[in-house]
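Asker: The structure's right below; bear with me while I get my questions together.
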Amino acid sequence: MIIGTGLSQTIPVLLQFPLRRMFSPSEFGVYAIYSSIVSVLAILANFRYANTVLIPKKEEDGANLMFGSLLISFIFSLLVLLVFTFFGTSIIDYFNFPEELEKWGFLIPLSVFLVSSHLTFGFWLSRKKEFKKLAINKVSRRTAEGLFQITLGSKAVKGGLIIGTIIGDIINFLTYVFQIRKSVIPLLSKISFANIKIQIVRYVKFPKYSLLPSFLDNFSLMLPVFIITDFYSESITGQYDLTAKILSVPLALISIALSQVLVQKIVEQRNNSKPIASILKPVFLTLLSLSALGVFVVHFFGESIFVFAFGEQWKLAGELSTYLIFIYGIRFIVSPMTSVFIALEEIKISSIWQVCYFGAILSLYLLKGCDLITFISYFILIDVIAYSVYGILIIMISKKHDGSLS
């Protein structure tokens with residue numbers, strides 16, 4: 001899983017080198033907006049039922065939840081299609097999205113269904129402990145996506161980034177169907193609308209309690225893309241997108257690998273009535289050291305690195321990296337340690353923080369009219385304060401746990 005996740009994160013970054021020379025900042029800006037809309041809607045699409053596929057003891061119950069999740073995603077995507085068919089132009093005008101996006105709005109529902117299905121199928125393979133297949137799928141998806149984008153870019157096809165992503169997602173979907181067929185076919189006789197309804201009702205607490213916080217948490221990460229597009233232009237959005245994509249790579253790699261390990265270790269300590277400070281302290285110090293090194297390098301040399309790697313037209317992305325590195329620096333430290341909330345079952349505290357964070361990021365809309373660097377400065381201030389509070393909350397609940405042992 002770690003190898004597969006690492007490669008699936010690394011391949012898109014390596015492909016940025018040729019892609020950023022084929023497509024303009026404006027084209028990447030439109031692509032960033034498209035991808036952000038899809039990511040936000042995909043969180044809602046299956047009503048969090050994808051997460052329930054792992055839970056039931058009986059295989060047929062898990063299979064009914066998988067098909068239920070896919071059915072909900074399909075219906076949700078149809079509703080999105082209706083919305084974009086009748087109100088697409090109004091939505092684009094309201095959010096000040098580039099007119100170019102209107103040409104591709106009809107594909108958003110398809111992308112939403114494919115991405116949501118990816119989550120659902122992934123949980124089924126995890127349930128079956130088919131981690132090798134899951135890793136292969138992650139890598140093949142990103143490879144196919146990138147190759148088609150490069151091919152379309154070399155032929156100067158308009159919208160090649162979006163088309164390439166959709167082709168990659170379709171290949172991903174078909175690969176999943178091929179991978180799960182043997183484990184699902186024996187269960188088909190036990191899958192029905194009645195059984196799906198029973199399981200949907202049984203696990204209704206997932207959409208009831210976690211849908212809104214998860215949506216707000218992911219929406220918060222996408223909001224800067226929407227706000228920058230509204231305040232400035234899709235070209236600047238494209239510059240920001242490159243900065244965010246490159247700076248988030250270490251975060252994605254470390255968070256996924258380390259969070260999985262931390263959850264297991266903390267749960268083990270908790271079940272054995274042992275303190276968790278001995279686990280968290282060395283992790284914190286290691287992350288702090290690595291973060292400080294990364295902040296130093298990017299803050300002082302980021303602009304030169306970006307220009308050298310991607311070309312002169314991406315100079316602004318390099319300049320933004322010297323500022324935004326402070327956001328990704330603190331996220332690099334705090335994000336992997338948020339697994340403490342899961343391990344200690346303190347989800348309520350984490351959910352409250354997510355809602356407050358969304359409100360804080362939303363307040364950036366009040367800055368309309370200010371220059372880009374001033375906007376970025378306020379963004380950094382909000383994010384650093386918010387994640388510092390998140391870190392303090394982690395310390396507090398960890399001390400609370402360790403204190404209860406004495």
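Residue numbers start at 1 in each chain; chains themselves are named A, B, ... in the order of the structure tokens; ligands are numbered from 1 in the order shown.
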Extract, using only C-alpha atoms, all DNA, RNA and protein residues at most 9 Å from region 363-375 of chain A, discarding same-chain residues fewer than 6 positions from it, and format them as a VMD selection string.

Answerer: chain A and resid 224 227 to 228 230 to 232 320 323

Asker: Any chance you can output those residues with N, CA and C atoms as a PDB file, in the first residue's frame?

Answerer:
```
ATOM      1  N   PRO A 224      -9.626  27.801  -1.438  1.00  0.00           N
ATOM      2  CA  PRO A 224      -8.671  28.775  -1.982  1.00  0.00           C
ATOM      3  C   PRO A 224      -8.653  28.819  -3.510  1.00  0.00           C
ATOM      4  N   ILE A 227     -11.715  30.844  -4.504  1.00  0.00           N
ATOM      5  CA  ILE A 227     -11.576  32.250  -4.126  1.00  0.00           C
ATOM      6  C   ILE A 227     -10.565  32.967  -5.023  1.00  0.00           C
ATOM      7  N   ILE A 228      -9.433  32.328  -5.268  1.00  0.00           N
ATOM      8  CA  ILE A 228      -8.406  32.937  -6.125  1.00  0.00           C
ATOM      9  C   ILE A 228      -8.947  33.152  -7.531  1.00  0.00           C
ATOM     10  N   ASP A 230     -12.085  33.637  -8.313  1.00  0.00           N
ATOM     11  CA  ASP A 230     -13.068  34.714  -8.219  1.00  0.00           C
ATOM     12  C   ASP A 230     -12.386  36.081  -8.105  1.00  0.00           C
ATOM     13  N   PHE A 231     -11.314  36.157  -7.306  1.00  0.00           N
ATOM     14  CA  PHE A 231     -10.640  37.431  -7.055  1.00  0.00           C
ATOM     15  C   PHE A 231      -9.705  37.851  -8.191  1.00  0.00           C
ATOM     16  N   TYR A 232      -9.070  36.880  -8.843  1.00  0.00           N
ATOM     17  CA  TYR A 232      -7.997  37.200  -9.778  1.00  0.00           C
ATOM     18  C   TYR A 232      -8.288  36.631 -11.173  1.00  0.00           C
ATOM     19  N   LEU A 320       5.075  32.160  -5.094  1.00  0.00           N
ATOM     20  CA  LEU A 320       4.039  31.765  -4.135  1.00  0.00           C
ATOM     21  C   LEU A 320       4.534  30.663  -3.205  1.00  0.00           C
ATOM     22  N   TYR A 323       6.060  31.641   0.077  1.00  0.00           N
ATOM     23  CA  TYR A 323       5.102  32.030   1.126  1.00  0.00           C
ATOM     24  C   TYR A 323       4.313  30.820   1.638  1.00  0.00           C
TER      25      TYR A 323
END
```

Asker: I'd like the contact shell of region 33-36 of chain A - 8 Å cut-off, only C-alpha atoms, skipping same-chain residues fewer than 3 positions apart - returned as a list in words.

Answerer: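 Near region 33-36 of chain A, the qualifying residues are Gly29, Val30, Ser39, Val40, Phe97, Leu101, Ile108, Ile162, Met222, Val225 and Phe226 of chain A.
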
Asker: Selected residues, N, CA and C atoms, written as a PDB file, in the first residue's frame, please.

Answerer:
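Saved the output as out-v7.pdb:
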```pdb
ATOM      1  N   GLY A  29      -5.486  26.406 -14.797  1.00  0.00           N
ATOM      2  CA  GLY A  29      -6.435  27.037 -13.898  1.00  0.00           C
ATOM      3  C   GLY A  29      -7.826  26.447 -14.054  1.00  0.00           C
ATOM      4  N   VAL A  30      -8.276  26.283 -15.312  1.00  0.00           N
ATOM      5  CA  VAL A  30      -9.579  25.670 -15.586  1.00  0.00           C
ATOM      6  C   VAL A  30      -9.603  24.236 -15.070  1.00  0.00           C
ATOM      7  N   SER A  39     -13.854  16.928  -6.751  1.00  0.00           N
ATOM      8  CA  SER A  39     -13.401  16.418  -5.449  1.00  0.00           C
ATOM      9  C   SER A  39     -14.410  16.720  -4.348  1.00  0.00           C
ATOM     10  N   VAL A  40     -14.949  17.936  -4.356  1.00  0.00           N
ATOM     11  CA  VAL A  40     -15.923  18.334  -3.335  1.00  0.00           C
ATOM     12  C   VAL A  40     -17.209  17.516  -3.474  1.00  0.00           C
ATOM     13  N   PHE A  97     -16.407  31.727 -12.325  1.00  0.00           N
ATOM     14  CA  PHE A  97     -15.542  30.736 -12.938  1.00  0.00           C
ATOM     15  C   PHE A  97     -15.297  31.123 -14.400  1.00  0.00           C
ATOM     16  N   LEU A 101     -14.973  26.766 -18.601  1.00  0.00           N
ATOM     17  CA  LEU A 101     -15.470  25.647 -17.796  1.00  0.00           C
ATOM     18  C   LEU A 101     -16.845  25.183 -18.267  1.00  0.00           C
ATOM     19  N   ILE A 108     -18.714  16.834 -15.552  1.00  0.00           N
ATOM     20  CA  ILE A 108     -18.521  16.797 -14.096  1.00  0.00           C
ATOM     21  C   ILE A 108     -19.288  15.645 -13.444  1.00  0.00           C
ATOM     22  N   ILE A 162      -8.391  17.741 -18.819  1.00  0.00           N
ATOM     23  CA  ILE A 162      -9.654  17.190 -18.314  1.00  0.00           C
ATOM     24  C   ILE A 162      -9.974  15.866 -18.996  1.00  0.00           C
ATOM     25  N   MET A 222     -10.320  23.020  -0.854  1.00  0.00           N
ATOM     26  CA  MET A 222     -10.581  23.445  -2.230  1.00  0.00           C
ATOM     27  C   MET A 222     -10.967  24.920  -2.336  1.00  0.00           C
ATOM     28  N   VAL A 225      -8.851  27.658  -4.165  1.00  0.00           N
ATOM     29  CA  VAL A 225      -8.895  27.624  -5.630  1.00  0.00           C
ATOM     30  C   VAL A 225     -10.070  28.447  -6.143  1.00  0.00           C
ATOM     31  N   PHE A 226     -11.247  28.263  -5.517  1.00  0.00           N
ATOM     32  CA  PHE A 226     -12.435  29.012  -5.934  1.00  0.00           C
ATOM     33  C   PHE A 226     -12.270  30.509  -5.667  1.00  0.00           C
TER      34      PHE A 226
END
```

Asker: Env of Lys197 (chain A): 9 Å cut, atoms = only C-alpha atoms, seq-sep filter 6 positions within chain, self excluded. Answer as a list in words.

Answerer: Asn64, Leu65 and Gly68 of chain A

Asker: Identify, on the basis of only C-alpha atoms, every residue whose closest approach to Ile382 (chain A) does not exceed 12 Å; exclude the query and any residue fewer than 2 positions from it along the same chain; express the result as JSON, numbers by chain.

Answerer: {"A": [220, 324, 326, 327, 330, 356, 357, 358, 359, 360, 361, 362, 363, 364, 375, 376, 377, 378, 379, 380, 384, 385, 386, 387, 388, 389]}

Asker: Could you give me, as a list in words, the residues within 10 Å of Glu27 (chain A), counting only C-alpha atoms and dropping anything in the same chain fewer than 2 positions from it?

Answerer: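 What passes the distance filter is Arg20, Met22, Phe23, Ser24, Pro25, Gly29, Val30, Tyr31, Ala32, Glu100, Leu101, Lys158, Gly159, Gly160, Leu161, Ile162, Glu234, Ser235, Thr237 and Gly238 of chain A.
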
Asker: Hey, which bits of region 144-208 of chain A sit within 10 Å of region 116-137 of chain A, and for each residue what's the closest pair of atoms and how far apart in Å (one decimal), counting only C-alpha atoms, rows by chain and increasing number, as a tab-separated table?

Answerer:
```
residue	atom	partner	partner_atom	distance
A:Asp169	CA	A:His118	CA	8.3
A:Ile170	CA	A:His118	CA	9.9
A:Ile171	CA	A:Asn137	CA	9.4
A:Asn172	CA	A:Asn137	CA	6.6
A:Phe173	CA	A:His118	CA	6.7
A:Thr175	CA	A:Asn137	CA	7.0
A:Tyr176	CA	A:Phe121	CA	6.5
A:Val177	CA	A:Phe121	CA	8.2
A:Gln179	CA	A:Lys133	CA	7.1
A:Ile180	CA	A:Leu125	CA	7.3
A:Ser183	CA	A:Lys128	CA	8.2
A:Val184	CA	A:Trp124	CA	9.7
```

Asker: Quick one: pull the distance between CA of Asp217 (chain A) and CA of Val38 (chain A), Å, one decimal.

Answerer: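 Distance between the two atoms: 14.8 Å.
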
Asker: In terms of the shortest atom-to-atom distance over only C-alpha atoms, which of A:Ile395, A:Ala277, A:Ile347, A:Ile200 is closest to Ile72 (chain A)?

Answerer: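 Using only C-alpha atoms, Ile72 (chain A) sits closest to A:Ile200.
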
Asker: Looking only at the backbone, which of the residues in region 56-251 of chain A does DSSP tag as alpha helix (DSSP H), as a PyMOL selection string?

Answerer: chain A and resi 59-94+108-127+131-154+160-184+193-202+205-231+234-251

Asker: For CA of Lys103 (chain A) and CA of Asn46 (chain A), quote the distance in Å rounded to one decimal.

Answerer: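 Those two atoms sit 25.9 Å apart.
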
Asker: Write out as a list in words each polymer residue whose atoms come within 9 Å of Leu316 (chain A), counting only C-alpha atoms; drop sequence neighbours fewer than 5 positions from it.

Answerer: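 Answer for this query is Ile236, Gln239, Tyr240, Glu303, Phe306, Val307 and Ser321 of chain A.
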
Asker: Which one is closest to Asn271 (chain A): A:Leu223, A:Val355, A:Ile37, A:Leu344? Count only C-alpha atoms.

Answerer: A:Leu344
